[in-house]
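**Q** So here's input_15.cif (mmCIF, C-alpha atoms).
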```cif
data_run
loop_
_atom_site.label_atom_id
_atom_site.label_comp_id
_atom_site.auth_asym_id
_atom_site.auth_seq_id
_atom_site.Cartn_x
_atom_site.Cartn_y
_atom_site.Cartn_z
CA MET A 1227 17.02 73.28 -110.24
CA ARG A 1228 19.59 75.47 -108.50
CA TYR A 1229 23.26 74.56 -108.86
CA GLY A 1230 25.78 75.05 -106.07
CA PHE A 1231 29.54 75.36 -105.74
CA THR A 1232 32.11 72.70 -104.89
CA THR A 1233 34.41 72.56 -101.89
CA GLY A 1234 37.16 73.37 -104.40
CA SER A 1235 35.42 76.63 -105.37
CA CYS A 1236 34.85 77.50 -101.70
CA SER A 1237 38.53 76.89 -100.94
CA ALA A 1238 39.69 79.01 -103.87
CA ALA A 1239 37.35 81.87 -102.95
CA ALA A 1240 38.39 81.83 -99.29
CA ALA A 1241 42.07 81.68 -100.27
CA LYS A 1242 41.70 84.59 -102.68
CA ALA A 1243 39.94 86.72 -100.06
CA ALA A 1244 42.48 85.86 -97.36
CA ALA A 1245 45.39 86.64 -99.67
CA TYR A 1246 43.85 89.96 -100.61
CA MET A 1247 43.29 90.96 -96.97
CA LEU A 1248 46.77 89.86 -95.96
CA LEU A 1249 48.57 91.73 -98.72
CA SER A 1250 46.37 94.85 -98.84
CA GLY A 1251 45.46 95.27 -95.19
CA LYS A 1252 41.84 95.83 -96.20
CA THR A 1253 38.81 93.78 -95.17
CA LYS A 1254 37.04 91.80 -97.89
CA GLU A 1255 33.54 90.49 -97.19
CA ASN A 1256 32.73 89.40 -100.74
CA ILE A 1257 34.92 87.92 -103.47
CA CYS A 1258 34.37 86.71 -107.01
CA ILE A 1259 36.14 83.82 -108.73
CA THR A 1260 35.49 82.23 -112.12
CA THR A 1261 34.99 78.47 -111.97
CA PRO A 1262 36.47 76.11 -114.59
CA LYS A 1263 32.89 75.81 -115.92
CA GLY A 1264 33.06 79.54 -116.73
CA ILE A 1265 30.41 80.47 -114.14
CA ASP A 1266 31.26 83.22 -111.65
CA PHE A 1267 31.08 82.41 -107.95
CA ASN A 1268 30.28 85.49 -105.86
CA ALA A 1269 31.14 84.27 -102.39
CA SER A 1270 30.38 85.83 -99.03
CA ILE A 1271 33.40 85.81 -96.71
CA VAL A 1272 32.76 85.01 -93.04
CA ASP A 1273 34.65 84.51 -89.76
CA ILE A 1274 37.61 86.73 -90.70
CA ASP A 1275 40.72 86.50 -88.51
CA LYS A 1276 43.40 89.07 -89.44
CA GLU A 1277 46.89 89.01 -87.96
CA GLU A 1278 50.18 90.54 -89.04
CA ARG A 1279 51.57 87.36 -90.65
CA TYR A 1280 48.37 85.62 -91.71
CA VAL A 1281 44.67 86.00 -92.51
CA LYS A 1282 42.11 83.25 -92.11
CA CYS A 1283 38.53 83.34 -93.38
CA ALA A 1284 35.75 81.01 -94.51
CA VAL A 1285 33.15 80.43 -97.20
CA ILE A 1286 30.01 78.46 -96.28
CA LYS A 1287 29.50 75.56 -98.69
CA ASP A 1288 26.21 75.68 -100.64
CA GLY A 1289 25.50 72.58 -102.72
CA GLY A 1290 22.42 74.09 -104.37
CA ASP A 1291 19.60 71.60 -104.91
CA ASP A 1292 21.99 68.64 -104.93
CA PRO A 1293 21.78 66.36 -101.85
CA ASP A 1294 25.32 67.09 -100.66
CA VAL A 1295 26.64 66.11 -97.22
CA THR A 1296 29.07 69.05 -97.23
CA THR A 1297 26.35 71.72 -97.64
CA GLY A 1298 26.54 74.16 -94.73
CA ALA A 1299 30.16 73.31 -93.89
CA TYR A 1300 32.59 76.17 -93.24
CA VAL A 1301 35.52 75.90 -95.65
CA TYR A 1302 38.45 77.93 -94.31
CA ALA A 1303 41.61 79.18 -95.96
CA LYS A 1304 44.52 80.48 -93.90
CA VAL A 1305 47.09 82.39 -95.96
CA ILE A 1306 50.49 82.90 -94.36
CA LEU A 1307 53.43 85.08 -95.40
CA VAL A 1308 56.59 83.18 -96.37
CA ASP A 1309 59.76 85.27 -96.67
CA GLU A 1310 61.54 83.34 -99.40
CA GLY A 1311 60.92 81.98 -102.89
CA ASN A 1312 57.99 82.86 -105.13
CA GLU A 1313 55.56 79.99 -104.85
CA ILE A 1314 52.16 79.11 -103.48
CA ILE A 1315 52.31 76.21 -101.02
CA ILE A 1316 48.97 74.41 -100.57
CA ASP A 1317 48.18 71.99 -97.75
CA GLY A 1318 45.31 70.84 -95.56
CA GLU A 1319 44.64 71.25 -91.87
CA GLU A 1320 41.79 70.22 -89.56
CA GLY A 1321 38.97 68.37 -91.26
CA VAL A 1322 40.72 67.91 -94.60
CA GLY A 1323 41.58 64.27 -95.19
CA ARG A 1324 45.03 62.91 -95.89
CA VAL A 1325 45.75 60.22 -98.47
CA THR A 1326 47.10 56.93 -97.06
CA LYS A 1327 46.60 54.58 -100.02
CA PRO A 1328 47.83 54.79 -103.64
CA GLY A 1329 45.60 55.06 -106.68
CA LEU A 1330 43.89 58.37 -105.92
CA ASP A 1331 44.23 61.88 -107.38
CA GLN A 1332 46.88 62.82 -104.82
CA GLU A 1333 49.97 60.89 -103.74
CA VAL A 1334 50.16 59.12 -100.39
CA GLY A 1335 50.86 61.65 -97.65
CA ASN A 1336 49.28 64.61 -99.41
CA ALA A 1337 46.22 66.45 -98.21
CA ALA A 1338 43.14 65.26 -100.11
CA ILE A 1339 42.87 68.46 -102.09
CA ASN A 1340 42.41 67.30 -105.66
CA SER A 1341 44.27 68.62 -108.69
CA VAL A 1342 41.64 71.00 -110.08
CA PRO A 1343 40.94 72.69 -106.70
CA ARG A 1344 44.71 73.09 -106.27
CA GLN A 1345 44.90 74.75 -109.69
CA MET A 1346 41.97 77.01 -108.79
CA ILE A 1347 43.56 78.07 -105.50
CA GLU A 1348 46.89 78.74 -107.21
CA LYS A 1349 45.25 80.77 -109.98
CA GLU A 1350 43.18 82.97 -107.68
CA VAL A 1351 45.95 83.60 -105.15
CA ARG A 1352 48.49 84.29 -107.91
CA GLU A 1353 46.10 86.84 -109.38
CA VAL A 1354 46.06 88.72 -106.05
CA MET A 1355 49.85 88.52 -105.73
CA GLU A 1356 50.29 90.07 -109.16
CA LEU A 1357 47.66 92.74 -108.50
CA LEU A 1358 49.34 93.82 -105.28
CA ASP A 1359 52.91 93.36 -106.57
CA TYR A 1360 53.89 90.69 -104.02
CA ASN A 1361 56.73 88.46 -105.24
CA LYS A 1362 57.57 86.21 -102.30
CA SER A 1363 55.81 82.99 -101.27
CA LEU A 1364 52.46 82.36 -99.61
CA LYS A 1365 51.30 79.26 -97.78
CA VAL A 1366 47.61 78.34 -98.10
CA LEU A 1367 46.12 75.98 -95.52
CA ILE A 1368 42.59 74.67 -96.14
CA SER A 1369 40.49 73.41 -93.23
CA VAL A 1370 36.92 72.27 -92.57
CA PRO A 1371 36.27 72.07 -88.80
CA ASP A 1372 33.41 69.55 -89.19
CA GLY A 1373 35.22 67.65 -91.92
CA GLU A 1374 36.17 64.57 -89.92
CA GLU A 1375 32.55 64.00 -88.87
CA ILE A 1376 31.22 64.70 -92.38
CA ALA A 1377 33.72 62.23 -93.86
CA LYS A 1378 32.04 59.38 -91.98
CA LYS A 1379 29.09 59.81 -94.37
CA THR A 1380 31.36 59.43 -97.41
CA PHE A 1381 33.55 56.69 -98.88
CA ASN A 1382 36.74 58.45 -97.74
CA PRO A 1383 37.51 55.98 -94.93
CA ARG A 1384 37.23 53.06 -97.36
CA LEU A 1385 39.41 54.84 -99.90
CA GLY A 1386 42.15 55.38 -97.36
CA ILE A 1387 41.55 59.10 -96.87
CA VAL A 1388 41.74 59.73 -93.13
CA GLY A 1389 40.99 62.68 -90.91
CA GLY A 1390 38.40 64.50 -92.99
CA ILE A 1391 36.74 65.23 -96.31
CA SER A 1392 38.28 65.65 -99.75
CA ILE A 1393 38.37 69.05 -101.44
CA LEU A 1394 36.82 68.19 -104.80
CA GLY A 1395 35.42 69.49 -108.04
CA THR A 1396 36.42 69.48 -111.70
CA SER A 1397 33.96 72.10 -112.95
CA GLY A 1398 33.75 74.20 -109.79
CA ILE A 1399 29.97 73.89 -109.64
CA VAL A 1400 27.61 71.30 -108.21
CA GLU A 1401 24.91 70.44 -110.73
CA PRO A 1402 21.70 68.95 -109.32
CA MET A 1403 21.67 65.25 -110.08
CA SER A 1404 18.10 64.13 -109.49
CA THR A 1405 17.42 60.72 -110.99
CA LYS A 1406 14.41 61.97 -112.93
CA ALA A 1407 16.36 64.86 -114.47
CA ILE A 1408 19.17 62.57 -115.58
CA LEU A 1409 16.84 59.92 -117.02
CA ASP A 1410 14.82 62.58 -118.82
CA THR A 1411 18.05 63.81 -120.43
CA ILE A 1412 19.03 60.28 -121.43
CA ARG A 1413 15.58 59.70 -122.92
CA VAL A 1414 15.88 62.90 -124.97
CA GLU A 1415 19.27 61.80 -126.36
CA LEU A 1416 17.97 58.33 -127.20
CA ASN A 1417 14.87 59.71 -128.91
CA GLN A 1418 17.06 62.10 -130.89
CA LYS A 1419 19.24 59.23 -132.14
CA LYS A 1420 16.15 57.23 -133.07
CA ALA A 1421 14.66 60.18 -134.95
CA MET A 1422 17.93 60.49 -136.92
CA GLY A 1423 17.48 56.94 -138.17
CA TYR A 1424 19.88 55.06 -135.88
CA LYS A 1425 19.06 51.40 -135.31
CA ASN A 1426 22.08 50.67 -133.11
CA ILE A 1427 23.63 52.69 -130.32
CA VAL A 1428 26.60 52.95 -127.93
CA ILE A 1429 25.96 53.81 -124.30
CA SER A 1430 28.68 54.66 -121.81
CA PRO A 1431 28.76 55.79 -118.16
CA GLY A 1432 30.99 58.73 -119.16
CA ASN A 1433 33.87 59.96 -121.26
CA TYR A 1434 36.49 57.88 -119.48
CA GLY A 1435 38.38 56.12 -122.26
CA LEU A 1436 37.95 58.66 -125.07
CA ASP A 1437 41.52 58.05 -126.26
CA PHE A 1438 41.22 54.27 -125.85
CA MET A 1439 38.12 54.02 -128.03
CA LYS A 1440 39.56 56.33 -130.70
CA ASP A 1441 42.90 54.53 -130.82
CA THR A 1442 41.54 50.98 -130.63
CA TYR A 1443 38.29 51.14 -132.59
CA GLY A 1444 38.28 54.53 -134.30
CA TYR A 1445 35.12 55.45 -132.42
CA ASP A 1446 34.54 58.84 -130.81
CA LEU A 1447 32.98 58.16 -127.42
CA GLU A 1448 31.50 61.67 -127.51
CA ARG A 1449 28.93 60.17 -129.93
CA ALA A 1450 27.74 57.72 -127.30
CA VAL A 1451 24.72 58.38 -125.12
CA LYS A 1452 25.99 58.95 -121.58
CA CYS A 1453 24.03 56.79 -119.17
CA SER A 1454 25.90 57.98 -116.05
CA ASN A 1455 25.40 55.38 -113.30
CA TYR A 1456 21.94 54.41 -114.57
CA ILE A 1457 22.82 51.43 -116.73
CA GLY A 1458 19.70 49.38 -115.96
CA ASP A 1459 17.29 52.29 -116.37
CA THR A 1460 18.95 53.26 -119.65
CA LEU A 1461 18.58 49.72 -120.98
CA ASP A 1462 14.88 49.86 -120.07
CA LEU A 1463 14.51 53.15 -121.98
CA ILE A 1464 16.27 51.63 -124.99
CA GLY A 1465 13.80 48.75 -124.91
CA GLU A 1466 10.88 51.19 -124.89
CA ILE A 1467 12.27 53.31 -127.73
CA GLY A 1468 13.15 50.32 -129.89
CA PHE A 1469 16.81 50.08 -130.87
CA GLU A 1470 17.98 46.80 -132.38
CA GLU A 1471 21.49 46.49 -130.95
CA VAL A 1472 23.35 48.20 -128.10
CA LEU A 1473 27.02 48.35 -127.15
CA LEU A 1474 27.80 49.17 -123.53
CA CYS A 1475 31.33 50.54 -123.31
CA GLY A 1476 32.99 51.56 -120.08
CA HIS A 1477 35.80 51.53 -117.57
CA ILE A 1478 36.32 48.48 -115.38
CA GLY A 1479 35.72 50.64 -112.28
CA LYS A 1480 32.07 51.01 -113.28
CA LEU A 1481 31.31 47.87 -115.24
CA ILE A 1482 32.84 45.43 -112.73
CA LYS A 1483 29.73 46.16 -110.65
CA VAL A 1484 27.48 44.88 -113.45
CA SER A 1485 29.18 41.49 -113.04
CA GLY A 1486 27.43 41.36 -109.66
CA GLY A 1487 24.05 42.30 -111.09
CA ILE A 1488 24.34 45.93 -109.96
CA MET A 1489 22.61 48.17 -112.50
CA ASN A 1490 23.05 51.50 -110.68
CA THR A 1491 26.80 51.90 -110.33
CA HIS A 1492 26.85 54.97 -108.06
CA SER A 1493 29.11 54.40 -105.05
CA LYS A 1494 26.27 55.26 -102.65
CA GLU A 1495 24.31 52.31 -104.08
CA ALA A 1496 27.12 49.76 -104.00
CA ASP A 1497 30.88 49.59 -103.89
CA CYS A 1498 31.97 45.97 -104.19
CA ARG A 1499 34.49 46.44 -107.01
CA MET A 1500 37.46 44.69 -105.39
CA GLU A 1501 35.29 41.92 -103.96
CA LEU A 1502 33.86 41.08 -107.39
CA MET A 1503 37.27 41.13 -109.05
CA VAL A 1504 38.80 39.00 -106.31
CA SER A 1505 35.94 36.48 -106.42
CA ALA A 1506 36.69 35.95 -110.13
CA GLY A 1507 40.35 35.60 -109.18
CA VAL A 1508 39.46 32.88 -106.67
CA LYS A 1509 37.74 30.87 -109.42
CA VAL A 1510 40.92 30.82 -111.54
CA ASN A 1511 43.16 29.99 -108.55
CA ILE A 1512 45.10 33.25 -108.30
CA PRO A 1513 47.39 32.94 -105.23
CA PRO A 1514 45.73 34.00 -101.95
CA GLU A 1515 48.42 36.55 -101.10
CA LEU A 1516 47.68 38.48 -104.32
CA LEU A 1517 43.93 38.26 -103.70
CA ILE A 1518 44.33 39.67 -100.20
CA GLU A 1519 46.55 42.48 -101.47
CA ALA A 1520 44.04 43.34 -104.20
CA LEU A 1521 41.22 43.58 -101.67
CA GLU A 1522 43.05 46.46 -99.98
CA CYS A 1523 43.27 48.53 -103.17
CA VAL A 1524 41.26 51.71 -103.69
CA SER A 1525 41.07 51.49 -107.48
CA THR A 1526 40.32 48.66 -109.91
CA ASP A 1527 43.40 49.60 -111.96
CA SER A 1528 45.60 48.96 -108.92
CA ALA A 1529 43.83 45.70 -108.09
CA TYR A 1530 44.14 44.49 -111.69
CA SER A 1531 47.86 45.31 -111.67
CA ILE A 1532 48.34 43.10 -108.62
CA LEU A 1533 46.23 40.20 -109.90
CA LYS A 1534 47.96 40.40 -113.28
CA GLN A 1535 51.15 39.21 -111.58
CA SER A 1536 49.60 35.73 -111.49
CA GLY A 1537 49.48 35.51 -115.30
CA LYS A 1538 45.81 34.54 -115.02
CA GLU A 1539 44.26 37.92 -115.71
CA LYS A 1540 42.70 36.81 -119.02
CA GLU A 1541 40.97 33.84 -117.39
CA MET A 1542 39.77 36.15 -114.61
CA MET A 1543 38.39 38.68 -117.10
CA ASP A 1544 36.67 35.90 -119.07
CA ILE A 1545 34.70 35.07 -115.94
CA ILE A 1546 33.91 38.73 -115.27
CA MET A 1547 32.76 39.26 -118.86
CA ASP A 1548 30.62 36.12 -118.69
CA ARG A 1549 28.85 37.49 -115.59
CA ILE A 1550 28.43 40.95 -117.14
CA ASP A 1551 26.93 39.34 -120.24
CA TYR A 1552 24.59 37.26 -118.08
CA TYR A 1553 23.22 40.20 -116.10
CA LEU A 1554 22.94 42.51 -119.11
CA ASN A 1555 20.91 39.92 -121.01
CA LYS A 1556 18.80 39.25 -117.95
CA ARG A 1557 17.89 42.95 -117.79
CA VAL A 1558 17.37 43.24 -121.55
CA ALA A 1559 15.13 40.14 -121.56
CA GLY A 1560 15.40 39.56 -125.31
CA ARG A 1561 14.19 43.03 -126.33
CA PHE A 1562 17.41 43.74 -128.26
CA ASN A 1563 20.97 42.47 -128.67
CA ILE A 1564 23.46 43.75 -126.10
CA GLU A 1565 27.29 43.65 -126.35
CA CYS A 1566 29.95 45.03 -124.04
CA ILE A 1567 33.53 46.36 -124.07
CA VAL A 1568 35.43 46.84 -120.80
CA PHE A 1569 38.68 48.78 -120.68
CA SER A 1570 41.13 50.45 -118.34
CA ASN A 1571 42.97 53.69 -119.02
CA GLU A 1572 46.07 52.08 -117.58
CA HIS A 1573 45.80 48.56 -119.05
CA GLY A 1574 43.78 49.09 -122.24
CA LEU A 1575 41.26 46.52 -123.43
CA LEU A 1576 40.36 44.11 -120.62
CA GLY A 1577 37.41 42.22 -122.03
CA LYS A 1578 34.73 42.17 -124.71
CA SER A 1579 31.66 40.12 -125.51
CA ASN A 1580 31.69 37.88 -128.59
CA GLY A 1581 29.88 40.26 -130.92
CA ALA A 1582 31.30 43.56 -129.65
CA GLU A 1583 33.82 44.21 -132.43
CA GLU A 1584 31.36 43.42 -135.19
CA LEU A 1585 28.79 45.72 -133.59
CA ILE A 1586 31.18 48.67 -133.19
CA LYS A 1587 32.04 48.42 -136.89
CA LYS A 1588 28.34 48.41 -137.73
CA ILE A 1589 27.75 51.47 -135.52
CA ILE A 1590 30.67 53.36 -137.04
CA GLY A 1591 29.23 52.64 -140.49
CA GLU A 1592 25.81 53.83 -139.32
CA ASP A 1593 27.39 57.04 -137.96
CA ILE A 1594 28.97 57.76 -141.34
CA GLY A 1595 25.66 57.11 -143.09
CA ASN A 1596 23.79 59.51 -140.79
CA GLU A 1597 26.25 62.40 -140.98
#
```
Go through the file and emit its structure as structure tokens.

**A**
Amino acid sequence: MRYGFTTGSCSAAAAKAAAYMLLSGKTKENICITTPKGIDFNASIVDIDKEERYVKCAVIKDGGDDPDVTTGAYVYAKVILVDEGNEIIIDGEEGVGRVTKPGLDQEVGNAAINSVPRQMIEKEVREVMELLDYNKSLKVLISVPDGEEIAKKTFNPRLGIVGGISILGTSGIVEPMSTKAILDTIRVELNQKKAMGYKNIVISPGNYGLDFMKDTYGYDLERAVKCSNYIGDTLDLIGEIGFEEVLLCGHIGKLIKVSGGIMNTHSKEADCRMELMVSAGVKVNIPPELLIEALECVSTDSAYSILKQSGKEKEMMDIIMDRIDYYLNKRVAGRFNIECIVFSNEHGLLGKSNGAEELIKKIIGEDIGNE
């Protein structure tokens, strides 16, 4: 399947081309940047607008074979001369959202241009400045004319990002994420573990919490099989392949959904994180004003921080863990033993099933024996 390039890569490429045209006076219809993944992006530059004090141009977003709502969007960068300092100022214009709630990558008030795209833009523009011996400041404004309309198809409005899309991407590329391809990869990893003699296994939605697991349990989460959002399907595969015991380990932002019986945790399938946390808070009589405040949060870490003020967070998490345990065992249907650890990068260990610690020790011992 064909991969594409993120809005962050498009922004960086457009900014690099605009900076080059502004500082050299030459027209640039193609530009190359290297993504954080190490893959070169050879971008075509379109809709060039050259003036004495600025240049504006666009890159058309191509998401490859991934079903991406931003594919086909024009991502513009306008680079403007600034006569003082020696910095690169990055902001958003039309169609780029602005952050209005805490708990996201950018602070409230900032354009929703995430950290890695900002670093990419800075790197590529700085490279041009050094090449052409320019030592004053440049201002880079990113815009996506259709961004406000596109954003209606995303979770941005719910997250408190208003006015447009987010400029995203940690690797710079968009890898096709078909369900079959992901599940085939998970099956391969599980079969490999089984062939190596493993009877027990850790699964995790991702690498969130690497430090937590190493510091708390001495377990390297890189050894876990990554199930992405497909928790239920992965459990079914484990049942087919025949492991004896499984530890599900993950961040509260993903696993809170399992407490509602949701086994595909992708945001397009369901996003009821705050509602599930607050419903557990209701059961332990957390004050209504804190519950209402938590409902408005955009991250589970922020909601937990608010509900923790009641002093009843342990009782709340006991209920959440009980529901997670119920739905996991319902899906497993007696085919193997399932335990769970839920953590937060900000708050550490939040909850664990009764046999989780004993199982992690057993798995660590099994890892040592299979090395």

**Q** Between A:Met1247, A:Ile1478, A:Met1543, A:Ile1429, which one has atoms that come closest to Ser1570 in chain A, using all atoms listed in the file?

**A**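 Looking at the shortest contact to Ser1570 in chain A, the residue is A:Ile1478.
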
**Q** What residues come out when you apply the PyMOL selection byres ((chain A and resi 1484) around 9) to this file, written as a list in words?

**A** Ile1457, Lys1480, Leu1481, Ile1482, Lys1483, Ser1485, Gly1486, Gly1487, Ile1488, Met1489, Asn1490, Thr1491, Arg1549, Ile1550, Asp1551, Tyr1553 and Leu1554 of chain A

**Q** Using the chain letters and numbers from this file, what does the PyMOL selection byres ((chain A and resi 1283) around 8) select? Give the answer as a PyMOL selection string.

**A** chain A and resi 1240-1241+1243-1244+1271-1275+1281-1282+1284-1285+1302-1304

**Q** Between CA of His1477 in chain A and CA of Asp1544 in chain A, what is the spacing in Å?

**A**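 Between CA of Asp1544 in chain A and CA of His1477 in chain A the gap works out to 15.7 Å.
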
**Q** Take the PyMOL selection byres ((chain A and resi 1587) around 12), run it mentally on this structure, and tell me the resulting residues as a list in words.

**A**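 Going through the file, the PyMOL selection byres ((chain A and resi 1587) around 12) ends up selecting Asn1426, Ile1427, Val1428, Thr1442, Tyr1443, Gly1444, Tyr1445, Leu1473, Gly1581, Ala1582, Glu1583, Glu1584, Leu1585, Ile1586, Lys1588, Ile1589, Ile1590, Gly1591, Glu1592, Asp1593 and Ile1594 of chain A.
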
**Q** Report, in Å with one decimal, the straight-line distance from CA of Ala1377 in chain A to CA of Gly1389 in chain A.

**A**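 Rounded to one decimal, the two atoms are 7.9 Å apart.
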
**Q** Looking at all atoms listed in the file, which of A:Asn1571, A:Ser1579, A:Asn1361, A:Thr1297 is the one that sits closest to Gly1435 in chain A?

**A**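 Going through A:Asn1571, A:Ser1579, A:Asn1361, A:Thr1297 one by one, the smallest distance to Gly1435 in chain A is for A:Asn1571.
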
**Q** For Ser1528 in chain A, which residue out of A:Val1400, A:Leu1474, A:Leu1330, A:Ala1496 is the nearest one, using all atoms listed in the file?

**A**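 With all atoms listed in the file as the atom set, the closest residue is A:Leu1330.
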
**Q** Have a look at CA of Ser1505 in chain A and CA of His1573 in chain A and let me know their distance in Å, one decimal.

**A**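 We find that CA of Ser1505 in chain A and CA of His1573 in chain A lie 20.1 Å from each other.
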
**Q** Tell me which protein, DNA and RNA residues are within 7 Å of range 1259-1267 of chain A, counting all atoms listed in the file, leaving out same-chain ones fewer than 2 positions away, and put them as a list in words.

**A**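 Counting all atoms listed in the file, the residues come to Ser1235, Ala1239, Ile1257, Ala1269, Ser1397 and Gly1398 of chain A.
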
**Q** Choose the residue, out of A:Ile1347, A:Leu1385, A:Ile1399, A:Ile1532, that has the smallest atom-to-atom separation from Ser1493 in chain A; count only C-alpha atoms.

**A**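 Checking each of A:Ile1347, A:Leu1385, A:Ile1399, A:Ile1532 against Ser1493 in chain A, counting only C-alpha atoms, the winner is A:Leu1385.
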
**Q** Between A:Arg1413, A:Cys1475, A:Ile1339, A:Cys1498, which residue has the minimum interatomic distance to Leu1436 in chain A, considering only C-alpha atoms?

**A** A:Cys1475

**Q** Please provide the set of residues having any atom within 9 Å of Asn1382 in chain A, restricted to only C-alpha atoms, with same-chain residues fewer than 4 positions apart removed, written as a PyMOL selection string.

**A** chain A and resi 1323+1377-1378+1386-1388+1390-1392
